[in-house]
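Coordinates as given in protein13.txt (compact mmCIF, C-alpha atoms):
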# COMPACT_ATOMS: atom_id res chain seq x y z
CA MET A 1029 3.33 -5.76 35.80
CA GLU A 1030 5.36 -5.61 32.62
CA LYS A 1031 5.69 -2.18 30.98
CA LEU A 1032 6.34 -1.87 27.26
CA ASP A 1033 7.18 1.20 25.22
CA ALA A 1034 6.03 0.96 21.61
CA ARG A 1035 6.04 4.69 20.92
CA GLY A 1036 7.12 5.50 17.39
CA LEU A 1037 6.64 1.94 16.21
CA SER A 1038 4.12 1.28 13.51
CA CYS A 1039 2.09 -1.85 13.03
CA PRO A 1040 2.57 -4.72 13.13
CA GLU A 1041 5.57 -4.15 15.46
CA PRO A 1042 3.63 -3.14 18.60
CA VAL A 1043 1.42 -6.23 18.23
CA ILE A 1044 4.46 -8.48 17.77
CA MET A 1045 5.93 -6.87 20.90
CA ILE A 1046 2.84 -7.56 23.03
CA ARG A 1047 2.48 -11.05 21.59
CA LYS A 1048 6.04 -11.86 22.62
CA ALA A 1049 5.46 -10.40 26.10
CA MET A 1050 2.21 -12.29 26.57
CA LEU A 1051 3.95 -15.60 25.93
CA SER A 1052 5.03 -15.44 29.57
CA GLY A 1053 1.33 -15.54 30.52
CA GLY A 1054 1.41 -12.47 32.80
CA GLU A 1055 -1.70 -11.09 34.47
CA ARG A 1056 -1.10 -7.46 33.67
CA TYR A 1057 0.70 -5.49 30.97
CA GLU A 1058 1.00 -1.81 30.25
CA MET A 1059 1.97 -0.52 26.82
CA VAL A 1060 2.41 3.01 25.54
CA VAL A 1061 1.76 3.63 21.84
CA ASP A 1062 1.49 6.89 19.90
CA ASN A 1063 -0.73 6.16 16.93
CA THR A 1064 -4.34 5.10 16.68
CA ALA A 1065 -3.72 2.12 14.40
CA ALA A 1066 -1.35 0.65 17.00
CA LYS A 1067 -3.87 1.39 19.77
CA GLU A 1068 -6.62 -0.42 17.86
CA ASN A 1069 -4.47 -3.38 16.83
CA VAL A 1070 -2.91 -4.00 20.24
CA THR A 1071 -6.33 -3.65 21.90
CA ARG A 1072 -7.83 -6.17 19.50
CA TYR A 1073 -4.98 -8.63 19.97
CA ALA A 1074 -5.10 -8.39 23.78
CA GLN A 1075 -8.86 -8.88 23.78
CA HIS A 1076 -8.46 -11.97 21.61
CA GLN A 1077 -6.02 -13.30 24.22
CA GLY A 1078 -8.63 -12.81 26.93
CA TYR A 1079 -7.33 -9.57 28.44
CA GLN A 1080 -9.46 -6.59 29.39
CA VAL A 1081 -8.07 -3.38 27.97
CA ALA A 1082 -8.33 0.10 29.47
CA VAL A 1083 -7.04 3.03 27.42
CA THR A 1084 -5.95 6.43 28.70
CA ALA A 1085 -4.96 9.11 26.20
CA SER A 1086 -2.77 12.12 26.77
CA GLY A 1087 -0.80 14.33 24.39
CA GLY A 1088 -1.13 12.05 21.39
CA GLU A 1089 0.00 9.00 23.38
CA TYR A 1090 -2.14 6.12 24.55
CA THR A 1091 -1.47 3.97 27.58
CA LEU A 1092 -3.09 0.57 27.29
CA THR A 1093 -3.55 -1.38 30.49
CA MET A 1094 -4.28 -5.02 29.81
CA THR A 1095 -5.47 -7.24 32.65
CA LYS A 1096 -6.61 -10.84 32.78
CA MET B 316 -15.12 0.65 17.75
CA GLY B 317 -15.61 -3.02 18.65
CA VAL B 318 -14.20 -5.88 16.63
CA LYS B 319 -17.52 -6.53 14.92
CA GLN B 320 -18.01 -2.90 13.90
CA GLU B 321 -14.43 -2.73 12.63
CA ARG B 322 -15.00 -5.76 10.46
CA THR B 323 -18.34 -4.51 9.17
CA ALA B 324 -16.74 -1.15 8.37
CA ILE B 325 -13.84 -2.60 6.41
CA VAL B 326 -16.12 -4.96 4.46
CA LEU B 327 -18.45 -2.10 3.55
CA ALA B 328 -15.48 0.08 2.62
CA GLY B 329 -14.03 -2.75 0.52
CA LEU B 330 -17.32 -3.20 -1.30
CA VAL B 331 -17.57 0.53 -2.04
CA ILE B 332 -13.96 0.63 -3.21
CA GLY B 333 -14.52 -2.37 -5.50
CA VAL B 334 -17.54 -0.68 -7.06
CA VAL B 335 -15.65 2.61 -7.47
CA ALA B 336 -12.82 0.73 -9.21
CA VAL B 337 -15.19 -0.89 -11.69
CA ALA B 338 -16.98 2.42 -12.25
CA LEU B 339 -13.70 4.16 -13.07
CA VAL B 340 -13.02 1.62 -15.83
CA LEU B 341 -16.53 2.16 -17.16
CA LEU B 342 -15.88 5.91 -17.14
CA GLY B 343 -12.63 5.70 -19.07
CA ASN B 344 -9.75 4.17 -17.07
CA PRO B 345 -7.81 1.28 -18.69
CA ALA B 346 -9.36 -2.18 -18.26
CA ASN B 347 -8.84 -3.84 -14.86
CA MET B 348 -7.18 -0.57 -13.81
CA GLY B 349 -9.87 1.30 -11.93
CA PHE B 350 -7.14 1.72 -9.38
CA CYS B 351 -3.50 0.78 -9.60
CA ILE B 352 -1.18 2.70 -7.35
CA ALA B 353 1.92 1.49 -9.20
CA CYS B 354 0.52 2.22 -12.66
CA PHE B 355 -0.77 5.63 -11.61
CA LEU B 356 2.52 6.66 -9.99
CA ARG B 357 4.26 5.42 -13.13
CA ASP B 358 1.94 7.60 -15.24
CA ILE B 359 2.63 10.58 -12.97
CA SER B 360 6.35 9.94 -13.26
CA GLY B 361 5.87 10.04 -17.04
CA GLY B 362 3.62 13.09 -16.90
CA LEU B 363 6.43 14.93 -15.11
CA GLY B 364 8.85 13.79 -17.78
CA LEU B 365 10.92 11.67 -15.40
CA HIS B 366 10.60 8.93 -17.99
CA ARG B 367 9.72 9.28 -21.66
CA ALA B 368 7.57 6.22 -22.32
CA ALA B 369 4.98 8.08 -24.38
CA ALA B 370 2.26 5.49 -23.75
CA VAL B 371 2.14 6.03 -19.99
CA GLN B 372 2.20 9.74 -19.21
CA TYR B 373 -0.65 11.35 -17.30
CA LEU B 374 -0.90 13.12 -13.95
CA ARG B 375 -3.50 10.68 -12.57
CA PRO B 376 -5.68 12.66 -10.16
CA GLU B 377 -6.60 9.52 -8.21
CA ILE B 378 -3.21 9.64 -6.46
CA PRO B 379 -3.51 13.22 -5.14
CA GLY B 380 -7.10 12.31 -4.29
CA LEU B 381 -6.00 9.36 -2.15
CA VAL B 382 -3.41 11.38 -0.24
CA LEU B 383 -5.64 14.42 0.21
CA GLY B 384 -8.67 12.28 1.16
CA SER B 385 -6.62 10.66 3.90
CA PHE B 386 -5.15 14.05 4.87
CA ALA B 387 -8.59 15.65 5.23
CA VAL B 388 -10.07 12.83 7.28
CA ALA B 389 -6.96 12.63 9.46
CA LEU B 390 -7.25 16.37 10.16
CA VAL B 391 -10.94 16.10 11.05
CA LYS B 392 -10.39 13.04 13.24
CA LYS B 393 -7.32 14.60 14.86
CA GLU B 394 -5.16 11.77 13.56
CA PHE B 395 -2.90 14.01 11.50
CA ALA B 396 0.40 13.33 13.25
CA PRO B 397 3.60 14.41 11.50
CA ARG B 398 6.29 11.85 12.24
CA GLY B 399 9.36 10.47 10.57
CA GLY B 400 12.93 9.33 11.05
CA SER B 401 12.41 5.58 10.79
CA SER B 402 15.17 4.60 8.34
CA PRO B 403 14.03 6.93 5.53
CA ILE B 404 16.65 6.04 2.90
CA THR B 405 16.08 2.32 3.50
CA ARG B 406 12.38 2.94 2.90
CA PHE B 407 13.23 4.82 -0.29
CA VAL B 408 15.16 1.81 -1.58
CA LEU B 409 12.37 -0.58 -0.58
CA GLY B 410 9.83 1.66 -2.35
CA PHE B 411 12.04 1.72 -5.43
CA PHE B 412 12.21 -2.07 -5.67
CA VAL B 413 8.54 -2.57 -4.78
CA MET B 414 7.84 -0.54 -7.92
CA ILE B 415 10.27 -2.66 -9.96
CA GLY B 416 8.32 -5.75 -8.82
CA CYS B 417 4.98 -4.13 -9.62
CA LEU B 418 6.07 -3.15 -13.12
CA MET B 419 7.36 -6.66 -13.78
CA PHE B 420 3.87 -7.94 -12.96
CA LEU B 421 2.13 -4.84 -14.38
CA GLY B 422 0.20 -3.76 -11.33
CA CYS B 423 0.31 -3.15 -7.61
CA PRO B 424 -1.45 -5.50 -5.15
CA PHE B 425 -4.64 -3.43 -5.58
CA ARG B 426 -4.65 -3.98 -9.35
CA MET B 427 -3.80 -7.64 -8.79
CA ILE B 428 -7.18 -8.00 -7.06
CA LEU B 429 -8.91 -6.11 -9.87
CA ARG B 430 -7.17 -8.27 -12.48
CA LEU B 431 -8.32 -11.41 -10.67
CA ALA B 432 -11.85 -10.00 -10.53
CA GLY B 433 -11.70 -9.29 -14.27
CA GLY B 434 -10.83 -12.92 -15.02
CA ASP B 435 -7.11 -12.39 -15.69
CA GLY B 436 -5.61 -15.80 -14.84
CA ASN B 437 -2.07 -14.39 -14.96
CA ALA B 438 -2.84 -12.57 -11.73
CA LEU B 439 -3.17 -15.97 -10.03
CA PHE B 440 0.57 -16.46 -10.52
CA GLY B 441 1.05 -12.95 -9.18
CA PHE B 442 -1.05 -13.80 -6.14
CA VAL B 443 0.99 -16.92 -5.38
CA GLY B 444 4.21 -14.92 -5.58
CA PHE B 445 2.66 -12.11 -3.54
CA ALA B 446 1.65 -14.48 -0.73
CA ALA B 447 5.11 -16.08 -0.76
CA GLY B 448 6.75 -12.64 -0.57
CA ILE B 449 4.59 -11.75 2.42
CA LEU B 450 5.61 -14.98 4.14
CA ALA B 451 9.26 -14.13 3.52
CA GLY B 452 8.72 -10.73 5.14
CA VAL B 453 6.81 -12.27 8.04
CA PHE B 454 9.74 -14.61 8.69
CA PHE B 455 11.94 -11.58 9.38
CA LEU B 456 9.23 -9.79 11.41
CA ASN B 457 9.06 -12.83 13.68
CA LYS B 458 12.84 -12.73 14.06
CA GLY B 459 12.72 -9.12 15.24
CA TYR B 460 12.97 -7.09 12.00
CA SER B 461 12.43 -3.38 12.61
CA LEU B 462 13.23 -0.14 10.80
CA LYS B 463 13.30 1.52 14.25
CA ARG B 464 10.96 4.06 15.67
CA THR B 465 9.66 7.30 14.23
CA TYR B 466 9.82 10.66 15.98
CA ARG B 467 7.44 13.56 16.00
CA GLN B 468 8.08 16.14 13.33
CA PRO B 469 6.91 19.72 12.88
CA ALA B 470 3.50 20.12 11.20
CA ALA B 471 5.14 21.47 8.04
CA GLU B 472 7.05 18.21 7.50
CA GLY B 473 3.81 16.23 7.48
CA GLY B 474 2.22 18.69 5.09
CA VAL B 475 4.88 18.50 2.38
CA LEU B 476 3.58 15.49 0.44
CA PRO B 477 -0.07 16.63 0.57
CA ALA B 478 1.16 20.02 -0.73
CA ILE B 479 3.07 18.33 -3.56
CA MET B 480 -0.11 16.43 -4.43
CA ALA B 481 -2.06 19.69 -4.57
CA VAL B 482 0.61 21.08 -6.92
CA LEU B 483 0.19 18.02 -9.18
CA LEU B 484 -3.52 18.83 -9.43
CA VAL B 485 -2.72 22.43 -10.36
CA LEU B 486 -0.27 21.21 -13.03
CA LEU B 487 -2.91 18.83 -14.37
CA ALA B 488 -5.48 21.61 -14.61
CA ALA B 489 -3.08 24.18 -16.06
CA ALA B 490 -1.37 21.65 -18.37
CA PRO B 491 1.78 23.73 -19.01
CA SER B 492 3.94 22.63 -21.94
CA PHE B 493 6.50 20.81 -19.76
CA ILE B 494 3.87 18.35 -18.53
CA PHE B 495 3.49 15.26 -20.74
CA PHE B 496 0.21 13.70 -21.76
CA THR B 497 -0.12 10.46 -23.72
CA GLU B 498 -1.77 11.34 -27.03
CA ALA B 499 -5.25 9.94 -27.73
CA GLY B 500 -4.94 6.32 -28.81
CA GLY B 501 -1.30 6.29 -27.74
CA GLY B 502 -1.60 3.84 -24.85
CA PRO B 503 -2.99 3.37 -21.34
CA GLY B 504 -1.96 6.92 -20.37
CA ALA B 505 -4.62 8.26 -22.72
CA LEU B 506 -7.36 6.21 -21.10
CA HIS B 507 -8.82 7.94 -18.09
CA ALA B 508 -12.05 9.01 -16.50
CA ALA B 509 -12.84 12.74 -16.33
CA VAL B 510 -10.48 14.60 -14.00
CA LEU B 511 -13.07 15.51 -11.40
CA VAL B 512 -14.49 11.98 -11.36
CA SER B 513 -11.02 10.50 -10.84
CA LEU B 514 -10.24 13.05 -8.15
CA ALA B 515 -13.52 12.39 -6.34
CA ALA B 516 -12.92 8.63 -6.51
CA GLY B 517 -9.44 9.12 -5.07
CA LEU B 518 -10.72 11.33 -2.25
CA LEU B 519 -13.43 8.83 -1.34
CA VAL B 520 -11.15 5.80 -1.40
CA GLY B 521 -8.43 7.70 0.49
CA ALA B 522 -10.92 8.62 3.20
CA LEU B 523 -12.28 5.07 3.48
CA ALA B 524 -8.79 3.55 3.53
CA GLN B 525 -7.71 5.99 6.24
CA ARG B 526 -10.64 5.11 8.49
CA THR B 527 -10.37 1.34 8.01
CA ARG B 528 -6.51 1.07 7.78
CA LEU B 529 -7.09 -0.95 4.60
CA CYS B 530 -3.90 -2.56 3.34
CA MET B 531 -3.41 -5.21 0.70
CA VAL B 532 -0.36 -6.86 2.27
CA GLY B 533 -1.64 -6.44 5.83
CA GLY B 534 -4.40 -8.98 5.20
CA ILE B 535 -2.29 -12.06 4.62
CA ARG B 536 0.42 -10.75 7.00
CA ASP B 537 -1.91 -10.32 9.97
CA LEU B 538 -3.66 -13.61 9.33
CA VAL B 539 -0.33 -15.44 9.42
CA LEU B 540 1.14 -13.44 12.31
CA PHE B 541 -1.85 -13.06 14.62
CA ARG B 542 -4.73 -15.08 13.11
CA GLU B 543 -6.33 -11.65 12.61
CA PRO B 544 -8.61 -11.59 9.55
CA LYS B 545 -9.78 -7.94 9.59
CA LEU B 546 -7.60 -6.55 6.79
CA LEU B 547 -8.05 -9.67 4.69
CA MET B 548 -11.80 -9.11 4.86
CA GLY B 549 -11.31 -5.70 3.21
CA PHE B 550 -9.15 -7.30 0.52
CA ALA B 551 -11.81 -9.98 -0.09
CA ALA B 552 -14.63 -7.41 -0.17
CA ILE B 553 -12.87 -5.42 -2.91
CA PHE B 554 -12.49 -8.64 -4.89
CA VAL B 555 -16.14 -9.64 -4.47
CA ALA B 556 -17.48 -6.20 -5.40
CA ALA B 557 -15.19 -5.91 -8.42
CA LEU B 558 -16.04 -9.46 -9.51
CA VAL B 559 -19.79 -8.86 -9.28
CA GLY B 560 -19.30 -5.53 -11.03
CA SER B 561 -17.37 -7.01 -13.94
CA LEU B 562 -19.84 -9.91 -14.25
CA CYS B 563 -22.81 -7.52 -14.33
CA LEU B 564 -21.19 -5.31 -16.93
CA GLY B 565 -20.06 -8.23 -19.06
CA LYS B 566 -16.41 -7.25 -18.45
CA PHE B 567 -15.45 -10.59 -16.90
CA VAL B 568 -13.25 -12.29 -19.49
CA PRO B 569 -11.60 -15.39 -18.01
CA GLY B 570 -8.32 -16.51 -19.55
CA PHE B 571 -4.59 -15.91 -19.80
CA ALA B 572 -3.75 -14.66 -23.29
CA GLY B 573 -4.74 -11.20 -24.46
CA GLN B 574 -5.66 -9.83 -21.03
CA PRO B 575 -5.54 -6.03 -20.83
CA VAL B 576 -2.17 -4.53 -19.82
CA ALA B 577 -0.85 -7.97 -18.77
CA HIS B 578 1.55 -10.65 -19.96
CA THR B 579 1.42 -14.43 -19.71
CA ASP B 580 4.85 -15.24 -18.24
CA GLY B 581 3.75 -17.02 -15.06
CA LEU B 582 7.17 -17.28 -13.45
CA TRP B 583 7.92 -13.58 -13.78
CA ASN B 584 4.42 -12.54 -12.78
CA ALA B 585 5.02 -14.53 -9.61
CA LEU B 586 8.56 -13.24 -9.00
CA GLY B 587 7.49 -9.63 -9.60
CA MET B 588 4.77 -9.88 -7.00
CA PHE B 589 7.07 -11.84 -4.70
CA LEU B 590 9.39 -8.83 -4.64
CA THR B 591 6.42 -6.51 -4.12
CA GLY B 592 4.90 -8.51 -1.25
CA TYR B 593 8.29 -8.97 0.40
CA GLY B 594 9.22 -5.30 0.17
CA CYS B 595 5.78 -4.12 1.30
CA VAL B 596 5.84 -6.22 4.46
CA LEU B 597 9.22 -4.72 5.33
CA LEU B 598 7.74 -1.26 4.71
CA GLY B 599 4.72 -2.01 6.89
CA GLY B 600 2.13 -1.61 4.15
CA CYS B 601 1.23 -1.76 0.47
CA PRO B 602 1.59 1.23 -1.89
CA LEU B 603 -2.01 2.30 -1.17
CA ARG B 604 -1.33 2.25 2.57
CA GLN B 605 1.86 4.29 2.05
CA LEU B 606 -0.16 7.01 0.31
CA VAL B 607 -2.73 7.01 3.11
CA LEU B 608 -0.05 7.14 5.83
CA ALA B 609 1.69 9.95 3.96
CA GLY B 610 -1.63 11.82 4.06
CA GLU B 611 -1.67 11.35 7.84
CA GLY B 612 1.67 13.15 8.03
CA ASN B 613 4.04 10.19 7.97
CA ALA B 614 7.19 11.55 6.32
CA ASP B 615 8.72 8.05 6.04
CA SER B 616 5.78 6.96 3.92
CA ALA B 617 6.17 10.15 1.88
CA VAL B 618 9.79 9.15 1.20
CA THR B 619 8.53 5.69 0.23
CA VAL B 620 6.14 7.28 -2.28
CA VAL B 621 9.06 9.20 -3.78
CA GLY B 622 10.95 5.88 -3.96
CA LEU B 623 8.02 4.37 -5.86
CA LEU B 624 7.99 7.34 -8.28
CA VAL B 625 11.73 7.14 -8.90
CA GLY B 626 11.49 3.36 -9.29
CA ALA B 627 8.88 3.88 -12.01
CA ALA B 628 11.11 6.39 -13.79
CA PHE B 629 14.05 3.96 -13.73
CA ALA B 630 11.81 1.10 -14.84
CA HIS B 631 10.89 2.92 -18.04
CA ASN B 632 14.19 4.69 -18.66
CA PHE B 633 16.11 1.42 -18.49
CA GLY B 634 13.60 -0.93 -20.06
CA LEU B 635 12.84 -2.81 -16.84
CA ALA B 636 9.05 -2.63 -17.06
CA SER B 637 7.17 -5.44 -18.75
CA SER B 638 4.68 -4.88 -21.53
CA GLY B 639 1.87 -6.94 -22.97
CA ALA B 640 4.58 -8.79 -24.91
CA GLY B 641 6.20 -10.00 -21.68
CA PRO B 642 9.04 -9.17 -19.33
CA THR B 643 12.37 -7.79 -20.55
CA GLY B 644 15.79 -9.28 -19.87
CA ALA B 645 16.82 -6.14 -18.00
CA GLY B 646 13.59 -6.33 -15.98
CA LYS B 647 14.40 -9.88 -14.91
CA ILE B 648 17.86 -8.82 -13.75
CA ALA B 649 16.32 -5.90 -11.87
CA VAL B 650 13.78 -8.13 -10.08
CA ILE B 651 16.48 -10.62 -9.01
CA THR B 652 18.65 -7.70 -7.88
CA GLY B 653 15.65 -6.34 -6.00
CA ILE B 654 15.02 -9.61 -4.18
CA ALA B 655 18.72 -9.68 -3.19
CA VAL B 656 18.70 -6.06 -1.99
CA VAL B 657 15.43 -6.47 -0.06
CA SER B 658 16.84 -9.62 1.56
CA ALA B 659 20.00 -7.75 2.53
CA ILE B 660 17.88 -4.98 4.08
CA ALA B 661 15.80 -7.59 5.92
CA CYS B 662 18.90 -9.32 7.31
CA ALA B 663 20.67 -6.11 8.26
CA ASN B 664 17.63 -4.84 10.20
CA THR B 665 16.93 -8.19 11.84
CA PHE B 666 20.25 -9.71 12.76
CA GLY B 667 22.54 -6.68 12.65
CA LYS B 668 20.92 -4.52 15.28
CA LYS B 669 23.28 -4.59 18.23
CA GLU B 670 22.11 -1.69 20.37
Please express the file's structure as structure tokens.
Amino acid sequence: MEKLDARGLSCPEPVIMIRKAMLSGGERYEMVVDNTAAKENVTRYAQHQGYQVAVTASGGEYTLTMTK
Amino acid sequence: MGVKQERTAIVLAGLVIGVVAVALVLLGNPANMGFCIACFLRDISGGLGLHRAAAVQYLRPEIPGLVLGSFAVALVKKEFAPRGGSSPITRFVLGFFVMIGCLMFLGCPFRMILRLAGGDGNALFGFVGFAAGILAGVFFLNKGYSLKRTYRQPAAEGGVLPAIMAVLLVLLAAAPSFIFFTEAGGGPGALHAAVLVSLAAGLLVGALAQRTRLCMVGGIRDLVLFREPKLLMGFAAIFVAALVGSLCLGKFVPGFAGQPVAHTDGLWNALGMFLTGYGCVLLGGCPLRQLVLAGEGNADSAVTVVGLLVGAAFAHNFGLASSGAGPTGAGKIAVITGIAVVSAIACANTFGKKE
């Protein structure tokens, strides 16, 4: 599983980051973001790419687990 | 919220915002200027005496409304998150030149939509330049452009710009002698809806934009980058609502010459908006989005807003802003300089980032 840290980055950077990572066609990715816009945008992008997204929130940070 | 609900929400918000924009013109704002973040910040800059262009001086309450509307909703939704430290002075410079581009064209991307909806054909040139500027910015995003990450900041840091906005409202209400107001009949600064109406409109639009992440540059950017149409749908909804509104009220006047607060120089309309679109993509959002993010506690966006304000002051102090008569020579030099500076910033933060 590939882990990505997009904390502090604002959109569209987290989405560009996950797009680049997903080019390798992995089954599972985990990304940490710290703002709701990034959470929404990455979730939407991953869903469009056919991934299921699970979100866990803690202390203002969101961990998105994306699985195919 | 699922994708469908998100899209429905941003379309509804766009429609409401388009109607509010038309209503503000009906209630006294300058034509095709229900909202214009650039024009309003320029008027505020003048109201504070940072420039002395007597025709454009008024502490437009829509701007504090936008910031405070976003601030209030962010607090309620627990999305108020003070952060900053992502290349603030670079953002200041980008904000400065985004304003130079806007005042070449005579409007921010938001007003560009409203001008199109009012039949102003000159805005078509602006739109072409705007789209090209966004593509230029997207090129660098794809190559790895980044202004680096933000860091959490104390609550007070995130509250500074909302507090400044509240002070602007107090100054508007108290109208002390050091605050400038365009005299009646003296220009666009004298044309405005009643203070409370403008404030309420700002609060409403700020709240809607915060919830939907509405952004005028994000639409084309996300469509090109990710084939994601959500933000563009908001952009289109504002256009449709404003178009229907101006048609219903008989305010739709198609043409190029004699359009309100506009000039007919196609090349410079396009280049002005090219600079604006380019700079906004590198900032991560249009001037409206910067105000909304600042309301959410983003200190970098607050610095960007200050850059916009200072850019407006320079534009009028040094004769860079266009008028109905057309662009100025100094304005053309400033726009070309701006494109060069923005390109240098783009290159430095794309290719020069050896960790």
With 4 Å of padding per side, what axis-aligned box (centre and edge lengths, Å, one decimal) covers all the listed atoms of range 1036-1045 of chain A? Give it as JSON.
{"center_x": 4.3, "center_y": -1.5, "center_z": 17.0, "size_x": 13.7, "size_y": 22.0, "size_z": 15.9}
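Interface residues on chain A toward chain B (cut-off 9 Å, only C-alpha atoms): Ala1034, Arg1035, Gly1036, Leu1037, Ser1038, Cys1039, Pro1040, Glu1041, Val1043, Ile1044, Arg1047, Asn1063, Thr1064, Ala1065, Glu1068, Arg1072, Tyr1073 and Gly1088 of chain A.
Minimum atom-to-atom distances from B:Gly570, B:Pro544, B:Pro403, B:Gly646 to Leu529 in chain B were compared using only C-alpha atoms, and the lowest value belongs to B:Pro544.
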- Take CA of Gly364 in chain B and CA of Leu624 in chain B and report the distance between them in Å, one decimal. 11.5 Å
- Task: Write out as a VMD selection string each polymer residue whose atoms come within 8 Å of Phe495 in chain B, counting all atoms listed in the file; drop sequence neighbours fewer than 4 positions from it.
- Result: chain B and resid 361 to 364 372 to 373
- Query: Using only C-alpha atoms, which of B:Ala515, B:Lys458, B:Pro477, B:Gly626 sits nearest Lys1048 in chain A?
  - Reply: B:Lys458
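Of the residues listed (A:Ala1085, A:Tyr1057, A:Met1094, A:Val1070), A:Tyr1057 shows the shortest atom-to-atom separation from Lys1031 in chain A; distances use only C-alpha atoms.
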- Query: CA of Arg375 in chain B and CA of Ala387 in chain B are how many Å apart?
  - Reply: 19.2 Å
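Going from CA of Thr652 in chain B over to CA of Met414 in chain B, you cover 13.0 Å.
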- Close residues, range 629-641 of chain B itself excluded, 9 Å, all atoms listed in the file, min 2 positions apart in chain, as number ranges by chain: B: 357, 361, 365-368, 411, 414-421, 573-580, 583, 624-627, 643-650
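The residue set within 10 Å of Leu519 in chain B, counting only C-alpha atoms and dropping same-chain residues fewer than 4 places from it, reads Ala328, Val331, Ile332, Val335, Glu377, Gly380, Leu381, Leu383, Gly384, Ser385, Ser513, Leu514, Ala515, Leu523, Ala524 and Gln525 of chain B.
Nearest to Ala556 in chain B of all the residues B:Leu341, B:Val413, B:Ala438, B:Leu429 is B:Leu429, based on only C-alpha atoms.
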- Distance query Gly343 in chain B at most 10 Å, only C-alpha atoms, self and fewer than 6 positions along chain excluded, as number ranges by chain: B: 349, 505-509, 513
Next, the residues of the selection above should be written as a PDB file, in the coordinates of the input with C-alpha atoms.
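And here's again39.pdb as it stands now:
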ATOM      1  CA  GLY B 349      -9.870   1.300 -11.930  1.00  0.00           C
ATOM      2  CA  ALA B 505      -4.620   8.260 -22.720  1.00  0.00           C
ATOM      3  CA  LEU B 506      -7.360   6.210 -21.100  1.00  0.00           C
ATOM      4  CA  HIS B 507      -8.820   7.940 -18.090  1.00  0.00           C
ATOM      5  CA  ALA B 508     -12.050   9.010 -16.500  1.00  0.00           C
ATOM      6  CA  ALA B 509     -12.840  12.740 -16.330  1.00  0.00           C
ATOM      7  CA  SER B 513     -11.020  10.500 -10.840  1.00  0.00           C
TER       8      SER B 513
END
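Nearest to Gln1075 in chain A of all the residues A:Gly1087, A:Val1061, A:Met1050, A:Glu1030 is A:Met1050, based on all atoms listed in the file.
Take the candidates B:Val568, B:Met588, B:Leu476, B:Ile428 and check each one against Phe440 in chain B using only C-alpha atoms; the shortest distance goes to B:Met588.
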